[in-house]
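Below is structure-v9.tsv, holding TSV, C-alpha atoms.
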chain	number	residue	atom	x	y	z
A	4	MET	CA	191.78	-33.54	-60.27
A	5	SER	CA	194.07	-35.92	-62.15
A	6	ALA	CA	194.16	-33.52	-65.10
A	7	ILE	CA	195.05	-30.65	-62.77
A	8	ARG	CA	197.87	-32.71	-61.25
A	9	LEU	CA	199.23	-33.49	-64.71
A	10	CYS	CA	199.21	-29.79	-65.64
A	11	LEU	CA	201.12	-28.98	-62.45
A	12	THR	CA	203.71	-31.75	-62.67
A	13	ASP	CA	204.38	-32.02	-66.42
A	14	PRO	CA	206.95	-29.29	-67.33
A	15	ALA	CA	205.52	-28.72	-70.83
A	16	LEU	CA	201.94	-28.49	-69.58
A	17	ARG	CA	203.12	-26.20	-66.78
A	18	ALA	CA	204.73	-23.87	-69.35
A	19	ALA	CA	201.59	-23.93	-71.49
A	20	GLY	CA	199.45	-23.12	-68.46
A	21	LEU	CA	201.61	-20.19	-67.36
A	22	VAL	CA	201.68	-18.58	-70.82
A	23	MET	CA	197.93	-19.13	-71.16
A	24	ALA	CA	197.22	-17.53	-67.78
A	25	LEU	CA	199.33	-14.47	-68.62
A	26	GLN	CA	197.63	-14.12	-71.99
A	27	GLY	CA	194.27	-14.38	-70.25
A	28	ALA	CA	195.29	-11.50	-67.99
A	29	VAL	CA	196.16	-9.38	-71.05
A	30	VAL	CA	192.91	-10.21	-72.84
A	31	CYS	CA	190.69	-9.55	-69.83
A	32	SER	CA	192.38	-6.18	-69.40
A	33	PHE	CA	191.86	-5.18	-73.03
A	34	ALA	CA	188.85	-6.97	-74.55
A	35	PRO	CA	186.03	-5.56	-72.35
A	36	TYR	CA	187.24	-2.00	-73.06
A	37	PHE	CA	188.15	-2.33	-76.75
A	38	SER	CA	184.76	-0.93	-77.78
A	39	THR	CA	184.70	1.97	-75.32
A	40	LEU	CA	188.32	2.89	-76.16
A	41	ALA	CA	187.51	2.93	-79.88
A	42	VAL	CA	184.09	4.64	-79.63
A	43	ARG	CA	184.71	7.15	-76.85
A	44	SER	CA	188.37	7.53	-75.96
A	45	PHE	CA	189.75	7.73	-79.51
A	46	GLY	CA	186.67	8.94	-81.39
A	47	PHE	CA	186.17	6.18	-83.98
A	48	GLY	CA	182.40	5.93	-83.36
A	49	ASP	CA	180.19	2.85	-83.64
A	50	GLN	CA	180.89	2.21	-87.32
A	51	GLY	CA	184.61	2.85	-86.88
A	52	TYR	CA	184.68	0.34	-84.05
A	53	ALA	CA	182.95	-2.25	-86.26
A	54	VAL	CA	185.65	-1.71	-88.91
A	55	LEU	CA	188.45	-2.03	-86.32
A	56	LEU	CA	186.87	-5.20	-84.95
A	57	ALA	CA	186.64	-6.74	-88.42
A	58	LEU	CA	190.25	-5.77	-89.26
A	59	SER	CA	191.49	-7.09	-85.96
A	60	SER	CA	189.74	-10.40	-86.57
A	61	LEU	CA	191.12	-10.67	-90.11
A	62	VAL	CA	194.69	-10.05	-88.94
A	63	SER	CA	194.25	-12.42	-86.01
A	64	VAL	CA	193.06	-15.33	-88.12
A	65	THR	CA	195.61	-14.73	-90.89
A	66	ALA	CA	198.43	-14.70	-88.37
A	67	SER	CA	197.11	-17.73	-86.49
A	68	VAL	CA	196.60	-19.86	-89.59
A	69	THR	CA	199.97	-18.83	-91.04
A	70	GLY	CA	201.70	-19.42	-87.72
A	71	GLY	CA	199.99	-22.78	-87.22
A	72	ILE	CA	200.90	-24.03	-90.69
A	73	ARG	CA	204.45	-22.75	-90.34
A	74	ALA	CA	204.80	-24.47	-86.96
A	75	ASP	CA	203.64	-27.75	-88.52
A	76	GLN	CA	205.98	-27.31	-91.50
A	77	THR	CA	209.06	-26.65	-89.38
A	78	ALA	CA	208.16	-28.10	-85.94
A	79	GLN	CA	209.59	-24.83	-84.53
A	80	ARG	CA	206.68	-23.97	-82.27
A	81	ARG	CA	208.71	-22.03	-79.73
A	82	ARG	CA	210.10	-19.70	-82.40
A	83	VAL	CA	206.63	-19.06	-83.87
A	84	THR	CA	205.24	-18.32	-80.40
A	85	LEU	CA	208.14	-15.97	-79.66
A	86	VAL	CA	207.28	-13.82	-82.72
A	87	ALA	CA	203.68	-13.59	-81.55
A	88	VAL	CA	204.62	-12.51	-78.03
A	89	LEU	CA	207.05	-9.86	-79.37
A	90	ALA	CA	204.17	-8.36	-81.40
A	91	LEU	CA	202.13	-8.07	-78.20
A	92	VAL	CA	205.04	-6.43	-76.37
A	93	LEU	CA	205.45	-3.90	-79.19
A	94	GLY	CA	201.74	-3.08	-79.39
A	95	THR	CA	201.33	-2.47	-75.68
A	96	PHE	CA	204.61	-0.54	-75.54
A	97	LEU	CA	203.49	1.86	-78.30
A	98	MET	CA	200.16	2.50	-76.56
A	99	THR	CA	202.01	3.10	-73.29
A	100	ALA	CA	204.62	5.45	-74.76
A	101	THR	CA	202.65	7.36	-77.44
A	102	PRO	CA	198.89	6.80	-77.10
A	103	GLY	CA	196.71	8.29	-79.83
A	104	PRO	CA	194.07	7.34	-82.43
A	105	LEU	CA	196.57	6.23	-85.09
A	106	VAL	CA	198.73	4.25	-82.66
A	107	PHE	CA	195.57	2.70	-81.19
A	108	ALA	CA	194.39	1.62	-84.64
A	109	VAL	CA	197.77	0.04	-85.47
A	110	SER	CA	198.06	-1.67	-82.10
A	111	ALA	CA	194.45	-2.85	-81.83
A	112	ALA	CA	193.99	-3.91	-85.46
A	113	LEU	CA	197.50	-5.23	-86.23
A	114	LEU	CA	200.04	-5.86	-83.46
A	115	ILE	CA	197.83	-7.15	-80.66
A	116	PRO	CA	195.86	-9.45	-83.03
A	117	VAL	CA	199.12	-10.99	-84.30
A	118	SER	CA	199.78	-12.13	-80.74
A	119	SER	CA	196.73	-14.40	-80.97
A	120	ILE	CA	199.08	-16.96	-82.57
A	121	THR	CA	200.09	-17.69	-78.98
A	122	PHE	CA	196.64	-19.02	-78.07
A	123	GLY	CA	196.69	-21.70	-80.74
A	124	GLN	CA	200.30	-22.66	-80.18
A	125	VAL	CA	199.72	-23.13	-76.45
A	126	PHE	CA	197.00	-25.65	-77.26
A	127	ALA	CA	199.24	-27.29	-79.87
A	128	LEU	CA	201.94	-27.64	-77.20
A	129	ALA	CA	199.39	-28.99	-74.71
A	130	ARG	CA	198.08	-31.52	-77.24
A	131	LEU	CA	201.58	-32.77	-77.99
A	132	ALA	CA	202.43	-33.00	-74.29
A	133	ALA	CA	199.12	-34.77	-73.60
A	134	THR	CA	200.06	-37.61	-75.96
A	135	ARG	CA	202.30	-38.91	-73.17
A	136	HIS	CA	199.31	-39.31	-70.85
A	137	PRO	CA	196.21	-41.56	-70.90
A	138	HIS	CA	193.76	-40.78	-73.70
A	139	ASP	CA	190.83	-40.30	-71.32
A	140	GLN	CA	192.73	-37.46	-69.60
A	141	ARG	CA	193.21	-35.35	-72.72
A	142	ASP	CA	189.87	-33.53	-72.73
A	143	GLY	CA	190.45	-32.77	-69.05
A	144	ILE	CA	193.92	-31.40	-69.77
A	145	MET	CA	192.53	-29.10	-72.47
A	146	ALA	CA	189.79	-27.96	-70.11
A	147	VAL	CA	192.35	-27.09	-67.43
A	148	ILE	CA	194.48	-25.12	-69.90
A	149	ARG	CA	191.38	-23.25	-71.13
A	150	ALA	CA	190.32	-22.59	-67.54
A	151	LEU	CA	193.72	-21.02	-66.87
A	152	PHE	CA	192.91	-18.50	-69.61
A	153	ALA	CA	189.70	-17.58	-67.78
A	154	ALA	CA	191.13	-17.64	-64.25
A	155	PRO	CA	192.83	-14.20	-64.46
A	156	PHE	CA	189.41	-12.65	-65.12
A	157	VAL	CA	188.55	-13.54	-61.53
A	158	LEU	CA	191.57	-11.72	-60.10
A	159	VAL	CA	192.36	-8.96	-62.58
A	160	LEU	CA	188.92	-7.56	-63.36
A	161	PRO	CA	187.92	-6.85	-59.74
A	162	ILE	CA	191.20	-4.93	-59.43
A	163	TRP	CA	190.29	-2.93	-62.54
A	164	SER	CA	186.85	-2.33	-61.04
A	165	LEU	CA	188.43	-0.77	-57.95
A	166	ALA	CA	190.93	1.22	-60.04
A	167	PHE	CA	188.26	2.69	-62.32
A	168	ALA	CA	186.02	3.47	-59.34
A	169	ALA	CA	188.94	5.43	-57.91
A	170	GLY	CA	189.17	7.49	-61.13
A	171	ALA	CA	191.92	5.69	-63.07
A	172	PRO	CA	191.79	6.29	-66.86
A	173	VAL	CA	190.84	3.36	-69.10
A	174	THR	CA	194.12	3.76	-71.00
A	175	LEU	CA	195.94	2.51	-67.87
A	176	ILE	CA	195.27	-1.00	-69.20
A	177	PHE	CA	198.14	-0.65	-71.69
A	178	PRO	CA	201.11	-0.22	-69.31
A	179	VAL	CA	199.71	-3.06	-67.20
A	180	ALA	CA	199.33	-5.23	-70.32
A	181	LEU	CA	202.93	-4.37	-71.23
A	182	VAL	CA	204.17	-5.82	-67.93
A	183	LEU	CA	202.09	-8.98	-68.48
A	184	ALA	CA	203.37	-9.30	-72.06
A	185	ALA	CA	206.93	-9.02	-70.77
A	186	GLY	CA	206.15	-11.89	-68.39
A	187	MET	CA	204.94	-13.98	-71.35
A	188	LEU	CA	208.17	-13.21	-73.20
A	189	VAL	CA	210.28	-14.39	-70.26
A	190	ALA	CA	208.18	-17.56	-69.94
A	191	VAL	CA	208.58	-18.46	-73.62
A	192	LEU	CA	212.32	-17.78	-73.51
A	193	ARG	CA	213.00	-19.63	-70.25
A	194	ILE	CA	210.56	-22.52	-69.76
A	195	TRP	CA	208.86	-23.25	-73.11
A	196	PRO	CA	210.24	-26.60	-74.42
A	197	ALA	CA	212.98	-26.27	-77.02
A	198	ASP	CA	212.07	-26.97	-80.63
A	199	THR	CA	214.56	-29.84	-80.67
A	200	GLY	CA	214.78	-32.64	-78.14
A	201	ALA	CA	211.17	-32.50	-76.93
A	202	PRO	CA	210.03	-35.75	-75.23
A	203	TRP	CA	207.38	-36.43	-77.91
A	204	THR	CA	207.35	-36.94	-81.66
A	205	ASP	CA	206.83	-33.68	-83.58
A	206	ARG	CA	207.98	-34.11	-87.16
A	207	PRO	CA	207.60	-31.44	-89.87
A	208	SER	CA	204.39	-32.01	-91.80
A	209	GLY	CA	206.01	-32.03	-95.24
A	210	LEU	CA	203.00	-30.17	-96.68
A	211	SER	CA	203.36	-27.04	-98.76
A	212	PHE	CA	201.51	-23.94	-97.59
A	213	ARG	CA	198.90	-24.41	-100.34
A	214	ALA	CA	198.37	-28.08	-99.45
A	215	ALA	CA	197.98	-27.20	-95.78
A	216	LEU	CA	195.42	-24.53	-96.63
A	217	ALA	CA	193.56	-27.00	-98.84
A	218	GLU	CA	193.45	-29.44	-95.95
A	219	ILE	CA	191.97	-26.78	-93.66
A	220	GLY	CA	189.55	-25.64	-96.37
A	221	ARG	CA	187.92	-29.01	-97.02
A	222	PRO	CA	184.12	-28.43	-97.05
A	223	SER	CA	183.48	-30.89	-94.24
A	224	ILE	CA	185.92	-28.98	-92.02
A	225	ALA	CA	185.19	-25.40	-93.16
A	226	ALA	CA	181.43	-25.78	-92.68
A	227	ARG	CA	181.89	-26.96	-89.10
A	228	VAL	CA	184.36	-24.18	-88.31
A	229	ILE	CA	181.91	-21.55	-89.58
A	230	ALA	CA	179.06	-23.10	-87.60
A	231	LEU	CA	181.19	-23.09	-84.46
A	232	GLY	CA	182.09	-19.46	-85.18
A	233	THR	CA	178.44	-18.46	-85.12
A	234	VAL	CA	178.03	-20.25	-81.79
A	235	THR	CA	180.91	-18.40	-80.14
A	236	GLY	CA	180.07	-15.13	-81.92
A	237	ALA	CA	177.63	-14.43	-79.10
A	238	SER	CA	180.57	-14.03	-76.70
A	239	THR	CA	182.10	-11.41	-79.03
A	240	VAL	CA	178.78	-9.56	-79.10
A	241	TYR	CA	178.74	-9.67	-75.30
A	242	MET	CA	182.25	-8.20	-75.06
A	243	ALA	CA	181.35	-5.54	-77.61
A	244	ILE	CA	178.22	-4.25	-75.84
A	245	ILE	CA	179.02	-4.75	-72.15
A	246	SER	CA	180.84	-1.44	-71.70
A	247	LEU	CA	178.34	0.35	-73.96
A	248	VAL	CA	175.20	-0.65	-72.04
A	249	MET	CA	176.61	-0.31	-68.52
A	250	ILE	CA	176.91	3.46	-68.66
A	251	PRO	CA	176.65	6.35	-66.15
A	252	GLU	CA	173.24	7.37	-67.54
A	253	ILE	CA	171.70	4.26	-65.93
A	254	GLY	CA	173.87	4.31	-62.85
A	255	ARG	CA	176.61	1.99	-64.10
A	256	GLY	CA	180.25	2.54	-65.05
A	257	THR	CA	183.55	0.91	-65.91
A	258	GLN	CA	183.79	-0.59	-62.44
A	259	ASP	CA	180.50	-2.44	-63.02
A	260	VAL	CA	181.79	-3.71	-66.36
A	261	ALA	CA	184.90	-5.13	-64.70
A	262	LEU	CA	182.87	-6.70	-61.88
A	263	TYR	CA	180.32	-8.31	-64.22
A	264	VAL	CA	182.90	-9.74	-66.61
A	265	GLY	CA	184.98	-10.92	-63.66
A	266	LEU	CA	182.01	-12.71	-62.08
A	267	VAL	CA	181.13	-14.46	-65.33
A	268	ALA	CA	184.71	-15.58	-65.90
A	269	GLY	CA	185.16	-16.57	-62.27
A	270	LEU	CA	182.12	-18.82	-62.34
A	271	GLU	CA	183.15	-20.25	-65.72
A	272	VAL	CA	186.35	-21.69	-64.26
A	273	PRO	CA	184.80	-24.35	-61.97
A	274	PHE	CA	182.28	-25.31	-64.65
A	275	MET	CA	185.12	-25.73	-67.16
A	276	LEU	CA	186.97	-28.02	-64.77
A	277	VAL	CA	184.02	-30.31	-63.99
A	278	LEU	CA	182.55	-30.33	-67.50
A	279	PRO	CA	184.70	-33.15	-69.01
A	280	GLY	CA	183.77	-35.51	-66.19
A	281	LEU	CA	180.06	-34.69	-66.17
A	282	THR	CA	179.57	-34.87	-69.93
A	283	ARG	CA	181.74	-37.88	-70.82
A	284	GLY	CA	179.82	-39.79	-73.49
A	285	PHE	CA	177.36	-36.92	-74.09
A	286	PRO	CA	177.33	-35.80	-77.77
A	287	ARG	CA	179.42	-32.65	-78.14
A	288	THR	CA	177.08	-30.99	-80.66
A	289	ARG	CA	174.04	-31.44	-78.41
A	290	LEU	CA	176.02	-30.05	-75.50
A	291	MET	CA	177.00	-26.99	-77.56
A	292	LEU	CA	173.37	-26.29	-78.47
A	293	ILE	CA	172.40	-26.35	-74.79
A	294	GLY	CA	175.34	-24.09	-73.96
A	295	ALA	CA	174.42	-21.63	-76.73
A	296	ALA	CA	170.86	-21.43	-75.43
A	297	LEU	CA	171.99	-20.70	-71.87
A	298	TYR	CA	174.55	-18.15	-73.02
A	299	GLY	CA	171.92	-16.53	-75.24
A	300	ILE	CA	169.73	-15.80	-72.21
A	301	HIS	CA	172.50	-13.70	-70.71
A	302	VAL	CA	173.41	-11.83	-73.92
A	303	ALA	CA	169.80	-11.06	-74.91
A	304	LEU	CA	168.78	-9.77	-71.47
A	305	LEU	CA	171.97	-7.84	-70.70
A	306	PRO	CA	170.88	-4.58	-72.45
A	307	VAL	CA	167.40	-4.89	-70.92
A	308	LEU	CA	168.50	-5.45	-67.33
A	309	ALA	CA	171.75	-3.44	-67.34
A	310	GLY	CA	170.34	-0.76	-65.04
A	311	SER	CA	168.58	-3.22	-62.75
A	312	ALA	CA	169.86	-5.26	-59.82
A	313	PHE	CA	168.55	-8.34	-61.64
A	314	VAL	CA	171.40	-8.03	-64.14
A	315	TRP	CA	173.68	-9.81	-61.66
A	316	LEU	CA	171.52	-12.95	-61.91
A	317	LEU	CA	172.54	-13.26	-65.56
A	318	VAL	CA	176.05	-14.30	-64.58
A	319	ILE	CA	174.76	-17.83	-63.81
A	320	PRO	CA	173.52	-18.79	-67.32
A	321	ALA	CA	176.45	-16.83	-68.75
A	322	ALA	CA	178.99	-18.90	-66.81
A	323	ILE	CA	177.39	-22.28	-67.51
A	324	GLY	CA	176.80	-21.54	-71.19
A	325	GLY	CA	180.22	-19.96	-71.57
A	326	ALA	CA	181.99	-22.95	-69.99
A	327	VAL	CA	180.38	-25.18	-72.62
A	328	THR	CA	180.79	-22.99	-75.70
A	329	LEU	CA	184.37	-22.02	-74.87
A	330	THR	CA	185.80	-25.45	-73.99
A	331	VAL	CA	183.89	-28.10	-75.96
A	332	PRO	CA	184.81	-26.63	-79.39
A	333	ILE	CA	188.56	-26.91	-78.60
A	334	ALA	CA	188.67	-30.71	-78.54
A	335	TYR	CA	186.09	-30.87	-81.34
A	336	LEU	CA	188.26	-28.73	-83.63
A	337	GLN	CA	191.50	-30.48	-82.73
A	338	ASP	CA	189.95	-33.83	-83.62
A	339	LEU	CA	189.12	-32.53	-87.10
A	340	LEU	CA	192.89	-32.35	-87.84
A	341	ALA	CA	194.27	-34.75	-85.28
A	342	ASP	CA	197.62	-35.24	-87.07
A	343	ARG	CA	198.32	-31.51	-87.51
A	344	PRO	CA	198.52	-29.90	-84.02
A	345	GLY	CA	199.48	-26.49	-85.42
A	346	ALA	CA	196.85	-26.40	-88.17
A	347	GLY	CA	194.32	-27.95	-85.80
A	348	ALA	CA	194.97	-25.16	-83.32
A	349	SER	CA	194.65	-22.59	-86.11
A	350	LEU	CA	191.08	-23.80	-86.68
A	351	MET	CA	190.29	-22.03	-83.42
A	352	ALA	CA	191.42	-18.80	-85.04
A	353	LEU	CA	189.22	-19.46	-88.07
A	354	GLN	CA	186.36	-20.13	-85.71
A	355	ARG	CA	187.03	-16.83	-83.94
A	356	LEU	CA	187.20	-15.03	-87.29
A	357	ALA	CA	183.80	-16.38	-88.28
A	358	GLY	CA	182.43	-15.37	-84.90
A	359	ASP	CA	184.03	-11.92	-84.92
A	360	VAL	CA	182.91	-11.11	-88.46
A	361	ILE	CA	179.38	-12.20	-87.62
A	362	ALA	CA	179.52	-10.19	-84.40
A	363	ALA	CA	180.81	-7.13	-86.26
A	364	THR	CA	177.99	-7.51	-88.79
A	365	CYS	CA	175.43	-7.84	-86.01
A	366	PHE	CA	176.91	-4.74	-84.35
A	367	ALA	CA	176.79	-2.67	-87.54
A	368	ILE	CA	173.25	-3.77	-88.48
A	369	GLY	CA	171.91	-3.56	-84.93
A	370	THR	CA	173.25	-0.08	-84.20
A	371	THR	CA	172.00	1.16	-87.58
A	372	LEU	CA	168.47	-0.21	-87.11
A	373	ALA	CA	167.90	0.37	-83.41
A	374	GLY	CA	170.58	0.01	-80.76
A	375	TYR	CA	172.64	-2.31	-78.60
A	376	GLY	CA	169.59	-4.41	-77.64
A	377	THR	CA	169.08	-5.31	-81.29
A	378	VAL	CA	172.78	-6.18	-81.57
A	379	ALA	CA	172.33	-8.65	-78.70
A	380	ILE	CA	169.22	-10.28	-80.23
A	381	LEU	CA	170.92	-10.70	-83.61
A	382	GLY	CA	174.00	-12.24	-81.97
A	383	VAL	CA	171.91	-14.76	-80.01
A	384	ALA	CA	169.84	-15.69	-83.08
A	385	VAL	CA	172.85	-16.55	-85.26
A	386	SER	CA	174.47	-18.42	-82.35
A	387	LEU	CA	171.47	-20.71	-81.96
A	388	ILE	CA	171.19	-21.21	-85.72
A	389	GLY	CA	174.85	-22.22	-85.90
A	390	ALA	CA	174.54	-24.68	-82.98
A	391	ALA	CA	171.44	-26.27	-84.51
A	392	ALA	CA	173.14	-26.53	-87.93
A	393	LEU	CA	176.15	-28.26	-86.34
A	394	LEU	CA	173.90	-30.74	-84.56
A	395	VAL	CA	172.08	-31.58	-87.81
A	396	ALA	CA	175.32	-31.84	-89.81
A	397	ASP	CA	176.91	-34.30	-87.39
A	398	ARG	CA	173.78	-36.44	-87.26
A	399	HIS	CA	174.22	-37.05	-90.96
As a first step, turn the structure in this file into structure tokens.
Amino acid sequence: MSAIRLCLTDPALRAAGLVMALQGAVVCSFAPYFSTLAVRSFGFGDQGYAVLLALSSLVSVTASVTGGIRADQTAQRRRVTLVAVLALVLGTFLMTATPGPLVFAVSAALLIPVSSITFGQVFALARLAATRHPHDQRDGIMAVIRALFAAPFVLVLPIWSLAFAAGAPVTLIFPVALVLAAGMLVAVLRIWPADTGAPWTDRPSGLSFRAALAEIGRPSIAARVIALGTVTGASTVYMAIISLVMIPEIGRGTQDVALYVGLVAGLEVPFMLVLPGLTRGFPRTRLMLIGAALYGIHVALLPVLAGSAFVWLLVIPAAIGGAVTLTVPIAYLQDLLADRPGAGASLMALQRLAGDVIAATCFAIGTTLAGYGTVAILGVAVSLIGAAALLVADRH
């Protein structure tokens, strides 16, 4: 509760929370339907979707790392974030005004991924603002900010479920996302702390771009980022297959997709908030292995139980495992580069890249060999392998 109070009363944390919540609303409107838009609405097919997913991940991580390093070099975090939000506004505007396969490819694989810079910079801002508060509150602050990203899933996805049940087209997500992106733009312009005069010390790093990359690429850091990517890759697999296994042929539809994802995210929020208090002193790597195992139950059984009423029971292990694997890595990664808030935040993008590339590979191999059930099994297997490797690495 003290961390929640700090996020409500501290102006910088309040700005970070608002931008994060709006970005969460955009992501929960787009991510669950990325695969079905690519495969069915715009005719790219399974392999085309895998290519778009890989390109999107590559652009996202390149932009996030570049933006993070640039923010550290210049200490102009607000300006870097503003560029990212403008890319999101442009991408959603193009899909609202002139939807089509080419525009979708440009928006989904280029413009929208560039906006992922915002995610890392919000956490960089939160980390800087948290330095003014007691050290034992910092993990709690990060958990609250991350929970604000998940909170819109609880509100927005049930609305989408009702809209799709009433016959709304899936492409309606883009004009709605445009409104949300415009809200992010206003928030960054009006309440994000200015690059000069912030009430904390944020000096330019003094590192060249090559030196900053070398710092990020140290083997001890890169190996852990890749391992964490395999752990969280299971969530990318889940988002990729959810709208492809809940289909009309088994009595499901887009409204069920929205309801399921909304339930998982809604239950994740309270677990994210209580997690720092319950696990204080518990080794992070062991906690991530437990979380990966719980999350794996949900991913592996989703294609099997999609047409059954039992599928709704899977939201419990999904929420508990997701709360662990989505929040614990944030503080873990930031501690790897504690003196570089921008570069430290960009490690989250590298982690996502590793996870997305692995998920895309699992998707391509799984759909070629058998189907979406095989995709799920492959995703869970690599997630558990990555969590176990991280546990072993940190023991030594």
Tell me which residues come within 12 Å of (169.6, -8.2, -73.1), as a short mmCIF file (atom, residue, chain, number, x, y, z; two decimals) with C-alpha atoms, in the frame of the given file, counting all atoms listed in the file in the file's coordinates.
data_model
loop_
_atom_site.label_atom_id
_atom_site.label_comp_id
_atom_site.auth_asym_id
_atom_site.auth_seq_id
_atom_site.Cartn_x
_atom_site.Cartn_y
_atom_site.Cartn_z
CA ALA A 237 177.63 -14.43 -79.10
CA VAL A 240 178.78 -9.56 -79.10
CA TYR A 241 178.74 -9.67 -75.30
CA ILE A 244 178.22 -4.25 -75.84
CA ILE A 245 179.02 -4.75 -72.15
CA VAL A 248 175.20 -0.65 -72.04
CA MET A 249 176.61 -0.31 -68.52
CA TYR A 298 174.55 -18.15 -73.02
CA GLY A 299 171.92 -16.53 -75.24
CA ILE A 300 169.73 -15.80 -72.21
CA HIS A 301 172.50 -13.70 -70.71
CA VAL A 302 173.41 -11.83 -73.92
CA ALA A 303 169.80 -11.06 -74.91
CA LEU A 304 168.78 -9.77 -71.47
CA LEU A 305 171.97 -7.84 -70.70
CA PRO A 306 170.88 -4.58 -72.45
CA VAL A 307 167.40 -4.89 -70.92
CA LEU A 308 168.50 -5.45 -67.33
CA ALA A 309 171.75 -3.44 -67.34
CA GLY A 310 170.34 -0.76 -65.04
CA SER A 311 168.58 -3.22 -62.75
CA PHE A 313 168.55 -8.34 -61.64
CA VAL A 314 171.40 -8.03 -64.14
CA LEU A 317 172.54 -13.26 -65.56
CA ALA A 321 176.45 -16.83 -68.75
CA GLY A 374 170.58 0.01 -80.76
CA TYR A 375 172.64 -2.31 -78.60
CA GLY A 376 169.59 -4.41 -77.64
CA THR A 377 169.08 -5.31 -81.29
CA VAL A 378 172.78 -6.18 -81.57
CA ALA A 379 172.33 -8.65 -78.70
CA ILE A 380 169.22 -10.28 -80.23
CA LEU A 381 170.92 -10.70 -83.61
CA GLY A 382 174.00 -12.24 -81.97
CA VAL A 383 171.91 -14.76 -80.01
#
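Here atom CA of Arg81 of chain A and atom CA of Ser118 of chain A stand 13.4 Å from one another.
As for atom CA of Pro332 of chain A and atom CA of Arg227 of chain A, they are spaced 10.1 Å apart.
For the pair atom CA of Val22 of chain A and atom CA of Ile120 of chain A, the interatomic distance is 12.1 Å.
Shell of segment 270-285 of chain A at 8 Å, with all atoms listed in the file counted and residues fewer than 5 places along the chain excluded, is Asp142, Gly143, Ala146, Val147, Arg149, Ala150, Leu151, Ala153, Ala154, Leu290, Val318, Ile319, Ala322, Ile323, Gly325, Ala326, Val327 and Thr330 of chain A.
You can rank A:Thr235, A:Gln76, A:Ser110, A:Thr121 by their closest distance to Met187 of chain A using only C-alpha atoms, and at the top of that list sits A:Thr121.
Taking all atoms listed in the file, the non-local environment of Pro35 of chain A within 9 Å (same-chain residues fewer than 2 positions away omitted) comprises Val30, Cys31, Ser32, Phe33, Phe37, Ser38, Thr39, Tyr241, Met242, Ala243, Ile244, Ile245, Ser246, Val260, Ala261 and Val264 of chain A.
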Response to the item:
From the list A:Gly236, A:Gly358, A:Pro102, A:Gly269, the nearest residue to Phe177 of chain A using all atoms listed in the file is A:Pro102
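Among the candidates A:Ala197, A:Cys10, A:Val92, A:Leu40, the residue lying nearest to Ala78 of chain A is A:Ala197 (atoms considered: all atoms listed in the file).
Ranking A:Ser238, A:Ser44, A:Thr371, A:Thr233 by their shortest atom-to-atom distance to Leu393 of chain A, with only C-alpha atoms included, puts A:Thr233 first.
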Discussion item. From the options A:Leu181, A:Ile253, A:Ile219, A:Ala132, which residue's atoms come nearest to Gly71 of chain A, counting only C-alpha atoms?
Written reply: A:Ile219
Item to complete: Identify, on the basis of only C-alpha atoms, every residue whose closest approach to Leu128 of chain A does not exceed 8 Å; exclude the query and any residue fewer than 2 positions from it along the same chain; express the result as a ChimeraX atom specification.
Response: /A:15-16,19,80,124-126,130-132,344
Would you pick out the contacts of Ala390 of chain A at 10 Å or less, using all atoms listed in the file, so that residues sharing its chain but fewer than 5 positions from it are not included, and give the list as an mmCIF file with C-alpha atoms, in the coordinates of the input?
data_model
loop_
_atom_site.group_PDB
_atom_site.id
_atom_site.type_symbol
_atom_site.label_atom_id
_atom_site.label_comp_id
_atom_site.auth_asym_id
_atom_site.auth_seq_id
_atom_site.Cartn_x
_atom_site.Cartn_y
_atom_site.Cartn_z
ATOM 1 C CA ARG A 227 181.890 -26.960 -89.100
ATOM 2 C CA ALA A 230 179.060 -23.100 -87.600
ATOM 3 C CA LEU A 231 181.190 -23.090 -84.460
ATOM 4 C CA GLY A 232 182.090 -19.460 -85.180
ATOM 5 C CA THR A 233 178.440 -18.460 -85.120
ATOM 6 C CA VAL A 234 178.030 -20.250 -81.790
ATOM 7 C CA THR A 235 180.910 -18.400 -80.140
ATOM 8 C CA THR A 288 177.080 -30.990 -80.660
ATOM 9 C CA ARG A 289 174.040 -31.440 -78.410
ATOM 10 C CA LEU A 290 176.020 -30.050 -75.500
ATOM 11 C CA MET A 291 177.000 -26.990 -77.560
ATOM 12 C CA LEU A 292 173.370 -26.290 -78.470
ATOM 13 C CA ILE A 293 172.400 -26.350 -74.790
ATOM 14 C CA GLY A 294 175.340 -24.090 -73.960
ATOM 15 C CA ALA A 295 174.420 -21.630 -76.730
ATOM 16 C CA ALA A 296 170.860 -21.430 -75.430
ATOM 17 C CA THR A 328 180.790 -22.990 -75.700
ATOM 18 C CA VAL A 385 172.850 -16.550 -85.260
ATOM 19 C CA VAL A 395 172.080 -31.580 -87.810
ATOM 20 C CA ALA A 396 175.320 -31.840 -89.810
#
Fill in: Selection near Thr257 of chain A, 9 Å with only C-alpha atoms, sequence-local residues under 4 positions removed, as a count of residues only
12
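Each of A:Gln50, A:Gln79, A:Gln140, A:Gln354 was compared to Ser5 of chain A using only C-alpha atoms, and A:Gln140 turns out to be the nearest.
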